[in-house]
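Undergrad: Next comes the structure file run.tsv, holding TSV, C-alpha atoms (C1' of nucleotides).
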```
chain	number	residue	atom	x	y	z
W	2	MET	CA	-13.33	-50.64	18.81
W	3	SER	CA	-15.83	-47.88	18.43
W	4	LEU	CA	-13.29	-45.54	19.90
W	5	ALA	CA	-10.61	-46.57	17.45
W	6	ASP	CA	-13.09	-46.25	14.61
W	7	ASP	CA	-13.85	-42.75	15.72
W	8	ALA	CA	-10.19	-41.88	15.61
W	9	VAL	CA	-9.89	-43.29	12.11
W	10	GLU	CA	-12.93	-41.39	10.97
W	11	ALA	CA	-11.69	-38.20	12.60
W	12	ARG	CA	-8.38	-38.49	10.78
W	13	ALA	CA	-10.14	-39.14	7.49
W	14	GLN	CA	-12.34	-36.12	8.00
W	15	GLY	CA	-9.36	-34.00	8.93
W	16	TRP	CA	-7.59	-35.14	5.81
W	17	ARG	CA	-10.55	-34.34	3.59
W	18	THR	CA	-10.78	-30.90	5.11
W	19	LEU	CA	-7.09	-30.29	4.68
W	20	ALA	CA	-7.18	-31.50	1.10
W	21	ALA	CA	-10.14	-29.30	0.27
W	22	LEU	CA	-8.57	-26.23	1.79
W	23	HIS	CA	-5.28	-26.93	0.10
W	24	ALA	CA	-6.93	-27.34	-3.28
W	25	ARG	CA	-8.83	-24.08	-2.93
W	26	ILE	CA	-5.82	-22.08	-1.92
W	27	GLU	CA	-3.56	-23.58	-4.53
W	28	ASP	CA	-6.15	-23.02	-7.21
W	29	ARG	CA	-6.43	-19.38	-6.37
W	30	LEU	CA	-2.69	-18.81	-6.07
W	31	GLN	CA	-2.15	-20.59	-9.34
W	32	ARG	CA	-4.65	-18.44	-11.22
W	33	GLU	CA	-3.46	-15.12	-9.90
W	34	LEU	CA	0.27	-15.83	-10.12
W	35	GLU	CA	-0.17	-17.18	-13.61
W	36	ARG	CA	-2.29	-14.25	-14.71
W	37	ASP	CA	-0.09	-11.49	-13.31
W	38	HIS	CA	3.41	-12.92	-13.47
W	39	GLU	CA	3.32	-16.09	-15.57
W	40	LEU	CA	4.38	-18.13	-12.58
W	41	SER	CA	3.02	-21.44	-11.40
W	42	VAL	CA	2.77	-22.12	-7.69
W	43	SER	CA	5.72	-24.49	-7.90
W	44	GLU	CA	7.80	-21.89	-9.66
W	45	TYR	CA	6.93	-19.24	-7.13
W	46	THR	CA	7.72	-21.62	-4.30
W	47	VAL	CA	11.12	-22.44	-5.73
W	48	LEU	CA	12.03	-18.79	-6.09
W	49	ASP	CA	10.73	-18.08	-2.62
W	50	VAL	CA	12.60	-20.95	-1.02
W	51	LEU	CA	15.84	-20.09	-2.76
W	52	ALA	CA	15.56	-16.42	-1.95
W	53	ARG	CA	15.06	-17.24	1.71
W	54	GLN	CA	18.27	-19.25	1.79
W	55	ASP	CA	20.27	-16.10	1.53
W	56	GLY	CA	23.87	-17.18	1.31
W	57	PHE	CA	23.16	-20.87	1.56
W	58	HIS	CA	22.59	-22.50	-1.76
W	59	LEU	CA	20.62	-25.64	-2.27
W	60	ARG	CA	21.39	-28.71	-4.27
W	61	MET	CA	18.77	-30.08	-6.60
W	62	THR	CA	17.78	-32.85	-4.24
W	63	GLN	CA	17.42	-30.51	-1.31
W	64	LEU	CA	15.32	-28.24	-3.44
W	65	ALA	CA	13.19	-31.18	-4.50
W	66	THR	CA	12.62	-32.05	-0.86
W	67	ALA	CA	11.80	-28.47	0.04
W	68	VAL	CA	9.11	-28.12	-2.59
W	69	VAL	CA	8.01	-31.76	-2.24
W	70	LEU	CA	8.49	-32.65	-5.86
W	71	SER	CA	10.25	-35.48	-7.62
W	72	GLN	CA	13.78	-35.02	-8.82
W	73	SER	CA	12.73	-35.08	-12.44
W	74	ALA	CA	10.09	-32.45	-11.92
W	75	THR	CA	12.63	-30.32	-10.10
W	76	THR	CA	15.12	-30.66	-12.92
W	77	ARG	CA	12.62	-29.41	-15.45
W	78	LEU	CA	11.31	-26.73	-13.15
W	79	VAL	CA	14.80	-25.35	-12.69
W	80	THR	CA	15.40	-25.62	-16.43
W	81	ARG	CA	12.30	-23.57	-17.18
W	82	LEU	CA	13.26	-20.89	-14.69
W	83	GLU	CA	16.82	-20.86	-15.91
W	84	GLU	CA	15.67	-20.38	-19.49
W	85	ARG	CA	13.69	-17.38	-18.35
W	86	GLY	CA	16.77	-16.00	-16.67
W	87	LEU	CA	15.25	-16.11	-13.20
W	88	LEU	CA	17.85	-18.37	-11.68
W	89	SER	CA	21.13	-19.95	-12.63
W	90	ARG	CA	22.84	-23.25	-12.06
W	91	TYR	CA	26.42	-23.63	-11.09
W	92	LEU	CA	28.44	-26.71	-10.28
W	93	CYS	CA	29.73	-27.45	-6.84
W	94	ALA	CA	33.49	-26.96	-6.79
W	95	THR	CA	34.34	-29.87	-4.55
W	96	ASP	CA	31.83	-32.35	-5.94
W	97	ARG	CA	31.16	-32.00	-9.60
W	98	ARG	CA	28.01	-34.08	-9.36
W	99	GLY	CA	26.32	-31.51	-7.18
W	100	ILE	CA	24.54	-28.57	-8.76
W	101	TYR	CA	23.61	-25.45	-6.89
W	102	THR	CA	20.95	-23.02	-7.93
W	103	GLU	CA	20.92	-19.31	-7.32
W	104	VAL	CA	18.27	-16.68	-7.90
W	105	THR	CA	19.37	-14.02	-10.36
W	106	PRO	CA	18.62	-10.32	-9.91
W	107	ALA	CA	15.82	-10.69	-12.44
W	108	GLY	CA	14.47	-13.54	-10.38
W	109	LYS	CA	14.55	-11.49	-7.22
W	110	GLN	CA	12.84	-8.65	-9.01
W	111	LEU	CA	10.07	-10.87	-10.29
W	112	LEU	CA	9.70	-12.43	-6.87
W	113	ALA	CA	9.36	-9.01	-5.30
W	114	ALA	CA	6.68	-8.16	-7.82
W	115	ALA	CA	4.87	-11.43	-7.34
W	116	ARG	CA	4.94	-11.53	-3.57
W	117	PRO	CA	2.12	-9.03	-3.07
W	118	THR	CA	0.00	-10.94	-5.54
W	119	HIS	CA	0.74	-14.14	-3.72
W	120	ASP	CA	0.07	-12.72	-0.28
W	121	SER	CA	-3.18	-11.03	-1.17
W	122	ALA	CA	-4.42	-14.09	-3.04
W	123	LEU	CA	-3.57	-16.18	-0.02
W	124	ALA	CA	-5.36	-13.81	2.32
W	125	ALA	CA	-8.39	-13.76	0.05
W	126	ALA	CA	-8.47	-17.53	-0.27
W	127	LEU	CA	-8.25	-17.95	3.49
W	128	ALA	CA	-10.95	-15.38	4.09
W	129	GLU	CA	-13.19	-17.06	1.56
W	130	ALA	CA	-12.55	-20.47	3.06
W	131	GLY	CA	-13.26	-19.08	6.50
W	132	GLU	CA	-16.80	-18.46	5.33
W	133	LEU	CA	-17.44	-22.11	4.66
W	134	PRO	CA	-18.52	-23.94	7.79
W	135	GLU	CA	-16.62	-27.12	6.96
W	136	LEU	CA	-13.35	-25.28	6.39
W	137	ALA	CA	-13.60	-22.54	8.97
W	138	PRO	CA	-12.23	-24.56	11.90
W	139	LEU	CA	-9.08	-25.47	10.03
W	140	VAL	CA	-8.58	-21.93	8.83
W	141	GLY	CA	-8.88	-20.75	12.39
W	142	ALA	CA	-6.48	-23.38	13.65
W	143	LEU	CA	-4.00	-22.42	10.98
W	144	GLY	CA	-4.04	-18.85	12.18
W	145	SER	CA	-3.36	-19.58	15.82
W	146	LEU	CA	-0.87	-22.32	15.12
W	147	THR	CA	1.50	-20.26	13.03
W	148	PHE	CA	1.63	-17.90	15.92
W	149	ALA	CA	2.91	-20.62	18.15
W	150	ALA	CA	5.30	-21.93	15.54
W	151	LYS	CA	6.94	-18.58	15.26
L	23	MET	CA	2.84	-1.91	9.41
L	24	SER	CA	5.03	-4.34	11.23
L	25	LEU	CA	1.94	-5.92	12.69
L	26	ALA	CA	0.32	-6.35	9.31
L	27	ASP	CA	3.56	-7.73	7.94
L	28	ASP	CA	3.62	-10.26	10.70
L	29	ALA	CA	0.14	-11.36	9.81
L	30	VAL	CA	1.13	-11.75	6.18
L	31	GLU	CA	4.19	-13.73	7.11
L	32	ALA	CA	2.22	-15.89	9.50
L	33	ARG	CA	-0.28	-16.72	6.77
L	34	ALA	CA	2.52	-17.52	4.36
L	35	GLN	CA	4.15	-19.78	6.87
L	36	GLY	CA	0.86	-21.47	7.62
L	37	TRP	CA	0.32	-22.04	3.94
L	38	ARG	CA	3.76	-23.53	3.44
L	39	THR	CA	3.18	-25.85	6.37
L	40	LEU	CA	-0.20	-26.88	5.06
L	41	ALA	CA	1.16	-27.44	1.58
L	42	ALA	CA	4.03	-29.52	2.86
L	43	LEU	CA	1.80	-31.67	5.02
L	44	HIS	CA	-0.68	-32.10	2.22
L	45	ALA	CA	1.99	-33.16	-0.23
L	46	ARG	CA	3.43	-35.70	2.18
L	47	ILE	CA	0.10	-37.27	2.95
L	48	GLU	CA	-1.05	-37.34	-0.64
L	49	ASP	CA	2.23	-38.83	-1.74
L	50	ARG	CA	1.94	-41.65	0.72
L	51	LEU	CA	-1.70	-42.34	0.03
L	52	GLN	CA	-0.99	-42.32	-3.68
L	53	ARG	CA	1.79	-44.86	-3.41
L	54	GLU	CA	-0.01	-47.30	-1.17
L	55	LEU	CA	-3.36	-47.11	-2.89
L	56	GLU	CA	-1.70	-47.48	-6.26
L	57	ARG	CA	0.43	-50.37	-5.13
L	58	ASP	CA	-2.30	-52.37	-3.43
L	59	HIS	CA	-5.42	-51.50	-5.37
L	60	GLU	CA	-4.41	-49.64	-8.52
L	61	LEU	CA	-6.26	-46.58	-7.35
L	62	SER	CA	-5.15	-42.98	-7.44
L	63	VAL	CA	-6.07	-40.66	-4.61
L	64	SER	CA	-8.61	-38.93	-6.85
L	65	GLU	CA	-10.17	-42.23	-7.78
L	66	TYR	CA	-10.39	-43.34	-4.18
L	67	THR	CA	-11.87	-40.01	-3.21
L	68	VAL	CA	-14.53	-40.26	-5.90
L	69	LEU	CA	-15.55	-43.73	-4.78
L	70	ASP	CA	-15.53	-42.66	-1.17
L	71	VAL	CA	-17.60	-39.55	-1.79
L	72	LEU	CA	-20.12	-41.41	-3.89
L	73	ALA	CA	-20.40	-44.26	-1.42
L	74	ARG	CA	-21.09	-41.80	1.37
L	75	GLN	CA	-23.97	-40.28	-0.54
L	76	ASP	CA	-26.02	-43.36	0.05
L	77	GLY	CA	-29.28	-42.80	-1.77
L	78	PHE	CA	-28.36	-39.38	-3.06
L	79	HIS	CA	-26.61	-39.42	-6.36
L	80	LEU	CA	-24.36	-36.71	-7.61
L	81	ARG	CA	-24.20	-35.03	-10.96
L	82	MET	CA	-20.88	-34.64	-12.66
L	83	THR	CA	-20.53	-31.00	-11.68
L	84	GLN	CA	-21.33	-31.67	-8.06
L	85	LEU	CA	-18.82	-34.47	-8.08
L	86	ALA	CA	-16.25	-32.16	-9.62
L	87	THR	CA	-16.85	-29.67	-6.83
L	88	ALA	CA	-16.65	-32.34	-4.16
L	89	VAL	CA	-13.27	-33.62	-5.29
L	90	VAL	CA	-12.07	-30.15	-6.31
L	91	LEU	CA	-11.26	-31.06	-9.88
L	92	SER	CA	-12.13	-29.54	-13.23
L	93	GLN	CA	-15.09	-30.83	-15.17
L	94	SER	CA	-12.92	-32.33	-17.83
L	95	ALA	CA	-10.82	-34.18	-15.31
L	96	THR	CA	-13.97	-35.45	-13.65
L	97	THR	CA	-15.36	-36.70	-16.93
L	98	ARG	CA	-12.24	-38.71	-17.63
L	99	LEU	CA	-11.96	-39.90	-14.06
L	100	VAL	CA	-15.49	-41.24	-14.17
L	101	THR	CA	-14.79	-42.76	-17.57
L	102	ARG	CA	-11.80	-44.62	-16.24
L	103	LEU	CA	-13.68	-45.94	-13.25
L	104	GLU	CA	-16.64	-46.89	-15.41
L	105	GLU	CA	-14.38	-48.83	-17.78
L	106	ARG	CA	-13.14	-50.77	-14.79
L	107	GLY	CA	-16.69	-51.51	-13.77
L	108	LEU	CA	-16.40	-49.68	-10.48
L	109	LEU	CA	-19.17	-47.22	-11.10
L	110	SER	CA	-21.84	-46.58	-13.67
L	111	ARG	CA	-23.40	-43.58	-15.31
L	112	TYR	CA	-27.07	-43.16	-15.81
L	113	LEU	CA	-28.99	-40.26	-17.20
L	114	CYS	CA	-31.27	-38.15	-15.11
L	115	ALA	CA	-34.85	-38.96	-16.02
L	116	THR	CA	-36.19	-35.43	-15.83
L	117	ASP	CA	-33.21	-33.67	-17.39
L	118	ARG	CA	-31.35	-35.66	-19.97
L	119	ARG	CA	-28.38	-33.37	-19.76
L	120	GLY	CA	-27.69	-34.41	-16.21
L	121	ILE	CA	-25.70	-37.54	-15.58
L	122	TYR	CA	-25.68	-39.33	-12.30
L	123	THR	CA	-23.01	-41.71	-11.16
L	124	GLU	CA	-23.44	-44.69	-8.93
L	125	VAL	CA	-20.95	-47.04	-7.34
L	126	THR	CA	-21.36	-50.61	-8.50
L	127	PRO	CA	-21.09	-53.61	-6.18
L	128	ALA	CA	-17.59	-54.19	-7.53
L	129	GLY	CA	-16.80	-50.60	-6.70
L	130	LYS	CA	-18.06	-50.97	-3.18
L	131	GLN	CA	-16.08	-54.12	-2.77
L	132	LEU	CA	-12.88	-52.48	-3.96
L	133	LEU	CA	-13.56	-49.51	-1.74
L	134	ALA	CA	-14.02	-51.76	1.25
L	135	ALA	CA	-10.72	-53.43	0.44
L	136	ALA	CA	-8.94	-50.14	-0.09
L	137	ARG	CA	-10.26	-48.34	2.94
L	138	PRO	CA	-7.95	-50.05	5.45
L	139	THR	CA	-5.01	-49.30	3.21
L	140	HIS	CA	-6.07	-45.71	3.00
L	141	ASP	CA	-6.69	-45.34	6.70
L	142	SER	CA	-3.48	-46.93	7.80
L	143	ALA	CA	-1.45	-44.98	5.25
L	144	LEU	CA	-3.08	-41.82	6.50
L	145	ALA	CA	-2.35	-42.68	10.10
L	146	ALA	CA	1.25	-43.51	9.24
L	147	ALA	CA	1.71	-40.31	7.26
L	148	LEU	CA	0.30	-38.24	10.11
L	149	ALA	CA	2.44	-40.00	12.67
L	150	GLU	CA	5.50	-39.48	10.54
L	151	ALA	CA	4.69	-35.83	10.01
L	152	GLY	CA	4.12	-35.42	13.72
L	153	GLU	CA	7.79	-36.23	14.22
L	154	LEU	CA	8.89	-33.25	12.18
L	155	PRO	CA	9.02	-30.12	14.28
L	156	GLU	CA	7.77	-27.84	11.53
L	157	LEU	CA	4.73	-29.99	10.82
L	158	ALA	CA	3.89	-31.21	14.29
L	159	PRO	CA	1.80	-28.21	15.34
L	160	LEU	CA	-0.47	-28.52	12.35
L	161	VAL	CA	-0.84	-32.25	12.81
L	162	GLY	CA	-1.82	-31.64	16.40
L	163	ALA	CA	-4.27	-28.93	15.45
L	164	LEU	CA	-5.81	-31.22	12.86
L	165	GLY	CA	-6.47	-33.82	15.49
L	166	SER	CA	-8.24	-31.58	17.95
L	167	LEU	CA	-10.13	-29.68	15.30
L	168	THR	CA	-11.88	-32.62	13.72
L	169	PHE	CA	-13.12	-33.49	17.15
L	170	ALA	CA	-14.82	-30.14	17.41
L	171	ALA	CA	-16.15	-30.29	13.88
L	172	LYS	CA	-17.86	-33.56	14.57
X	11	DC	C1'	45.93	-48.08	-10.32
X	12	DG	C1'	41.59	-49.71	-11.66
X	13	DC	C1'	37.14	-51.80	-10.58
X	14	DC	C1'	32.66	-51.62	-8.37
X	15	DG	C1'	28.93	-49.76	-5.56
X	16	DT	C1'	26.75	-45.42	-4.43
X	17	DT	C1'	25.04	-40.80	-5.24
X	18	DA	C1'	23.49	-36.63	-8.21
X	19	DG	C1'	21.18	-35.12	-11.87
X	20	DT	C1'	18.99	-35.71	-16.58
X	21	DT	C1'	15.94	-37.84	-20.16
X	22	DG	C1'	12.24	-41.12	-22.50
X	23	DC	C1'	7.79	-42.24	-21.80
X	24	DA	C1'	3.10	-42.49	-20.34
X	25	DC	C1'	-0.56	-40.21	-18.10
X	26	DA	C1'	-3.68	-36.99	-15.57
X	27	DC	C1'	-4.86	-32.35	-15.50
X	28	DG	C1'	-6.80	-27.51	-17.03
X	29	DC	C1'	-8.37	-24.53	-20.68
X	30	DA	C1'	-10.92	-23.65	-24.62
X	31	DT	C1'	-14.19	-25.46	-27.67
X	32	DC	C1'	-17.91	-28.31	-29.10
X	33	DA	C1'	-22.38	-31.14	-28.98
X	34	DT	C1'	-26.58	-31.86	-26.84
X	35	DG	C1'	-30.70	-30.77	-24.24
X	36	DC	C1'	-33.57	-27.50	-21.47
X	37	DC	C1'	-36.31	-23.30	-21.13
X	38	DT	C1'	-38.25	-18.71	-21.98
X	39	DG	C1'	-40.42	-15.19	-25.02
X	40	DA	C1'	-42.31	-13.55	-29.18
Y	10	DT	C1'	-43.78	-23.32	-32.42
Y	11	DC	C1'	-39.47	-22.27	-32.79
Y	12	DA	C1'	-35.28	-19.15	-32.09
Y	13	DG	C1'	-32.05	-17.74	-28.96
Y	14	DG	C1'	-29.71	-18.16	-24.60
Y	15	DC	C1'	-28.21	-21.03	-20.86
Y	16	DA	C1'	-26.62	-25.25	-18.69
Y	17	DT	C1'	-24.44	-29.86	-18.71
Y	18	DG	C1'	-20.94	-32.96	-20.18
Y	19	DA	C1'	-17.49	-34.48	-23.58
Y	20	DT	C1'	-13.24	-33.79	-26.47
Y	21	DG	C1'	-8.66	-31.66	-28.75
Y	22	DC	C1'	-4.64	-29.85	-27.29
Y	23	DG	C1'	-0.72	-28.40	-24.65
Y	24	DT	C1'	1.76	-28.98	-20.35
Y	25	DG	C1'	3.63	-30.58	-15.87
Y	26	DT	C1'	4.46	-34.67	-13.29
Y	27	DG	C1'	6.26	-39.39	-11.61
Y	28	DC	C1'	8.65	-43.63	-12.72
Y	29	DA	C1'	12.27	-46.06	-14.66
Y	30	DA	C1'	16.41	-46.15	-17.16
Y	31	DC	C1'	20.55	-43.73	-18.17
Y	32	DT	C1'	25.00	-40.89	-17.69
Y	33	DA	C1'	28.52	-38.75	-14.96
Y	34	DA	C1'	31.21	-38.39	-10.86
Y	35	DC	C1'	32.75	-39.60	-6.14
Y	36	DG	C1'	34.85	-42.95	-2.88
Y	37	DG	C1'	36.48	-47.27	-1.05
Y	38	DC	C1'	38.89	-51.68	-1.46
Y	39	DG	C1'	41.70	-55.07	-3.44
```
Would it be possible to restate this file's structure as structure tokens?

TA:
Amino acid sequence: MSLADDAVEARAQGWRTLAALHARIEDRLQRELERDHELSVSEYTVLDVLARQDGFHLRMTQLATAVVLSQSATTRLVTRLEERGLLSRYLCATDRRGIYTEVTPAGKQLLAAARPTHDSALAAALAEAGELPELAPLVGALGSLTFAAK
Amino acid sequence: MSLADDAVEARAQGWRTLAALHARIEDRLQRELERDHELSVSEYTVLDVLARQDGFHLRMTQLATAVVLSQSATTRLVTRLEERGLLSRYLCATDRRGIYTEVTPAGKQLLAAARPTHDSALAAALAEAGELPELAPLVGALGSLTFAAK
DNA sequence: CGCCGTTAGTTGCACACGCATCATGCCTGA
DNA sequence: TCAGGCATGATGCGTGTGCAACTAACGGCG
């Protein structure tokens, strides 16, 4: 029992650490992206995800899954970005229920401008978190793991 | 340059992985805690954090830091929980600006009831994420890291 | 051909959050 | 002693989100 309890406690601790690190990073990204480019983290993520799918276009539901947001949130997110001219919707030819989204040139331009901000903010947030003893292990693990995942 | 670019990309990938895992876990915890105990993740976290500080009591700002929330959100969060009788405020004797919070017996009882839900949801979410190839490495790293941190 | 179940996306609503501002209480210096 | 500055929480306001209900479109089956 004690062993199982330890496992439970270890998971809980891991989760708390992960949540704390996530919150710190997101906070920082949010501030800097908002300040320099009027983009929220979600908005940046959408642009980034779509831009990566060069050629492939995503439906709303796929996009929602990719950014881990509800469908309704995704709808409004896309609407906001569309109103700013950063991406455009177009209907699927074979299935008129489906809606694809595509990053416009303006969107790509803004993304290119925002990427350095994003990357440096991320690096700074990680470096800062690496200083905190309770977050350092996870930060370290994150570094070596992405290597392996590549 | 290419080396630095790799590092940037690795960080970005790590961040996306972390964000995705975080969102999945939080989503699941949110649903199950809400369904079974009418608690949000933030509310559970507050109760959990406070209950852990047995003897020590936290000020609002410290609590806000611990749960990584703004002061205003913390104020309202505490208000909600207080209205439900799960915790109580009391003023600091030596500094009447400071406000301490304390988990009530009812709060402890609810926490005890919610903890299994939380733990099993967490375990399930981690297990599920471990099945996905893009999340598995991080899940694995999380497991071994908390061991070391202990 | 037309009906019904399913799927994709949008909208009404309530709510939790962050930011800026405000009210209150502490503390230092003249 | 009391005026100004600082710190601690609370509140008004705008916004993004999830849930549930709704509309539109596809596909199968009688």

Undergrad: Of the candidates W:Ser41, W:Ser71, W:Thr76, W:Gln63, which one gets nearest to chain X if we count all atoms listed in the file?

TA: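 Of W:Ser41, W:Ser71, W:Thr76, W:Gln63, the one nearest chain X is W:Thr76, counting all atoms listed in the file.
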
Undergrad: Mind pulling up the distance from atom C1' of DT16 of chain X to atom CA of Gly56 of chain W?

TA: 29.0 Å

Undergrad: Taking only C-alpha atoms (C1' of nucleotides) into account, find every residue of chain W that has an atom no more than 10 Å from chain X, and write it out as a list of chain:residue names.

TA: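 Putting it all together, I get W:Arg60, W:Met61, W:Thr62, W:Gln72, W:Ser73, W:Thr75, W:Thr76, W:Arg77, W:Asp96, W:Arg97, W:Arg98, W:Gly99, W:Ile100.
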
Undergrad: Take chain L, superimpose it onto chain W by least squares using every C-alpha atom paired in sequence order, and output the result as a compact mmCIF listing (two decimals) with C-alpha atoms, in the frame of the given file.

TA:
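This is the output file part_39.txt:
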```txt
# COMPACT_ATOMS: atom_id res chain seq x y z
CA MET L 23 -13.63 -50.60 18.77
CA SER L 24 -16.07 -47.78 18.43
CA LEU L 25 -13.49 -45.48 19.93
CA ALA L 26 -10.83 -46.54 17.48
CA ASP L 27 -13.31 -46.19 14.65
CA ASP L 28 -14.04 -42.69 15.74
CA ALA L 29 -10.37 -41.86 15.65
CA VAL L 30 -10.09 -43.27 12.15
CA GLU L 31 -13.09 -41.32 11.00
CA ALA L 32 -11.82 -38.16 12.63
CA ARG L 33 -8.51 -38.50 10.82
CA ALA L 34 -10.28 -39.12 7.54
CA GLN L 35 -12.43 -36.09 8.04
CA GLY L 36 -9.43 -33.99 8.96
CA TRP L 37 -7.67 -35.15 5.84
CA ARG L 38 -10.61 -34.33 3.61
CA THR L 39 -10.82 -30.88 5.15
CA LEU L 40 -7.12 -30.32 4.71
CA ALA L 41 -7.21 -31.53 1.14
CA ALA L 42 -10.14 -29.32 0.29
CA LEU L 43 -8.56 -26.25 1.82
CA HIS L 44 -5.27 -26.98 0.13
CA ALA L 45 -6.89 -27.38 -3.26
CA ARG L 46 -8.80 -24.13 -2.91
CA ILE L 47 -5.78 -22.13 -1.90
CA GLU L 48 -3.52 -23.64 -4.51
CA ASP L 49 -6.11 -23.08 -7.18
CA ARG L 50 -6.39 -19.43 -6.36
CA LEU L 51 -2.68 -18.86 -6.04
CA GLN L 52 -2.14 -20.65 -9.33
CA ARG L 53 -4.62 -18.49 -11.19
CA GLU L 54 -3.44 -15.16 -9.87
CA LEU L 55 0.26 -15.87 -10.09
CA GLU L 56 -0.17 -17.22 -13.59
CA ARG L 57 -2.28 -14.31 -14.69
CA ASP L 58 -0.09 -11.55 -13.31
CA HIS L 59 3.40 -12.98 -13.48
CA GLU L 60 3.31 -16.15 -15.55
CA LEU L 61 4.40 -18.18 -12.57
CA SER L 62 3.06 -21.48 -11.36
CA VAL L 63 2.80 -22.16 -7.66
CA SER L 64 5.76 -24.53 -7.87
CA GLU L 65 7.83 -21.92 -9.64
CA TYR L 66 6.96 -19.26 -7.11
CA THR L 67 7.74 -21.64 -4.29
CA VAL L 68 11.14 -22.46 -5.75
CA LEU L 69 12.05 -18.80 -6.08
CA ASP L 70 10.76 -18.08 -2.62
CA VAL L 71 12.63 -20.96 -1.02
CA LEU L 72 15.85 -20.09 -2.78
CA ALA L 73 15.56 -16.41 -1.96
CA ARG L 74 15.08 -17.25 1.70
CA GLN L 75 18.28 -19.25 1.77
CA ASP L 76 20.29 -16.10 1.52
CA GLY L 77 23.90 -17.19 1.35
CA PHE L 78 23.15 -20.88 1.56
CA HIS L 79 22.59 -22.50 -1.76
CA LEU L 80 20.63 -25.64 -2.29
CA ARG L 81 21.43 -28.69 -4.33
CA MET L 82 18.82 -30.07 -6.65
CA THR L 83 17.85 -32.86 -4.29
CA GLN L 84 17.48 -30.53 -1.34
CA LEU L 85 15.37 -28.26 -3.47
CA ALA L 86 13.25 -31.21 -4.53
CA THR L 87 12.68 -32.07 -0.89
CA ALA L 88 11.86 -28.50 0.02
CA VAL L 89 9.16 -28.14 -2.61
CA VAL L 90 8.06 -31.77 -2.25
CA LEU L 91 8.54 -32.68 -5.88
CA SER L 92 10.32 -35.50 -7.66
CA GLN L 93 13.85 -35.03 -8.88
CA SER L 94 12.81 -35.10 -12.48
CA ALA L 95 10.18 -32.46 -11.94
CA THR L 96 12.71 -30.33 -10.12
CA THR L 97 15.20 -30.64 -12.94
CA ARG L 98 12.67 -29.42 -15.47
CA LEU L 99 11.35 -26.74 -13.16
CA VAL L 100 14.83 -25.34 -12.70
CA THR L 101 15.42 -25.62 -16.44
CA ARG L 102 12.34 -23.59 -17.18
CA LEU L 103 13.25 -20.90 -14.70
CA GLU L 104 16.82 -20.83 -15.94
CA GLU L 105 15.64 -20.39 -19.53
CA ARG L 106 13.67 -17.39 -18.37
CA GLY L 107 16.75 -15.99 -16.70
CA LEU L 108 15.24 -16.11 -13.24
CA LEU L 109 17.83 -18.36 -11.71
CA SER L 110 21.12 -19.91 -12.65
CA ARG L 111 22.86 -23.20 -12.11
CA TYR L 112 26.44 -23.52 -11.12
CA LEU L 113 28.44 -26.58 -10.30
CA CYS L 114 29.71 -27.31 -6.86
CA ALA L 115 33.45 -26.74 -6.80
CA THR L 116 34.33 -29.67 -4.58
CA ASP L 117 31.88 -32.17 -6.04
CA ARG L 118 31.15 -31.75 -9.70
CA ARG L 119 28.08 -33.90 -9.45
CA GLY L 120 26.37 -31.39 -7.23
CA ILE L 121 24.57 -28.49 -8.80
CA TYR L 122 23.64 -25.39 -6.93
CA THR L 123 20.97 -22.96 -7.96
CA GLU L 124 20.91 -19.27 -7.35
CA VAL L 125 18.26 -16.65 -7.94
CA THR L 126 19.34 -14.00 -10.40
CA PRO L 127 18.60 -10.30 -9.95
CA ALA L 128 15.80 -10.67 -12.48
CA GLY L 129 14.46 -13.52 -10.41
CA LYS L 130 14.53 -11.47 -7.26
CA GLN L 131 12.82 -8.65 -9.02
CA LEU L 132 10.05 -10.89 -10.31
CA LEU L 133 9.70 -12.44 -6.89
CA ALA L 134 9.36 -9.04 -5.30
CA ALA L 135 6.67 -8.19 -7.83
CA ALA L 136 4.87 -11.47 -7.34
CA ARG L 137 4.96 -11.56 -3.58
CA PRO L 138 2.12 -9.07 -3.05
CA THR L 139 0.02 -10.99 -5.53
CA HIS L 140 0.77 -14.18 -3.70
CA ASP L 141 0.11 -12.75 -0.27
CA SER L 142 -3.13 -11.08 -1.16
CA ALA L 143 -4.38 -14.14 -3.03
CA LEU L 144 -3.54 -16.23 -0.01
CA ALA L 145 -5.32 -13.86 2.32
CA ALA L 146 -8.36 -13.80 0.04
CA ALA L 147 -8.43 -17.58 -0.27
CA LEU L 148 -8.22 -17.98 3.50
CA ALA L 149 -10.91 -15.41 4.09
CA GLU L 150 -13.14 -17.08 1.57
CA ALA L 151 -12.53 -20.49 3.07
CA GLY L 152 -13.24 -19.10 6.51
CA GLU L 153 -16.79 -18.43 5.34
CA LEU L 154 -17.42 -22.09 4.67
CA PRO L 155 -18.51 -23.90 7.79
CA GLU L 156 -16.64 -27.09 6.98
CA LEU L 157 -13.36 -25.28 6.41
CA ALA L 158 -13.59 -22.54 8.99
CA PRO L 159 -12.23 -24.55 11.92
CA LEU L 160 -9.09 -25.48 10.06
CA VAL L 161 -8.56 -21.94 8.85
CA GLY L 162 -8.86 -20.75 12.42
CA ALA L 163 -6.49 -23.40 13.68
CA LEU L 164 -3.99 -22.45 11.00
CA GLY L 165 -4.00 -18.89 12.20
CA SER L 166 -3.33 -19.60 15.84
CA LEU L 167 -0.86 -22.36 15.15
CA THR L 168 1.56 -20.36 13.07
CA PHE L 169 1.69 -17.91 15.91
CA ALA L 170 2.91 -20.62 18.22
CA ALA L 171 5.32 -22.02 15.68
CA LYS L 172 7.00 -18.68 15.31
```

Undergrad: Can you tell me which residues surround Glu54 of chain L at a distance of at most 8 Å, considering only C-alpha atoms (C1' of nucleotides), apart from same-chain residues fewer than 3 positions away, and format the answer as JSON, numbers by chain?

TA: {"L": [50, 51, 57, 58, 139, 140, 143]}
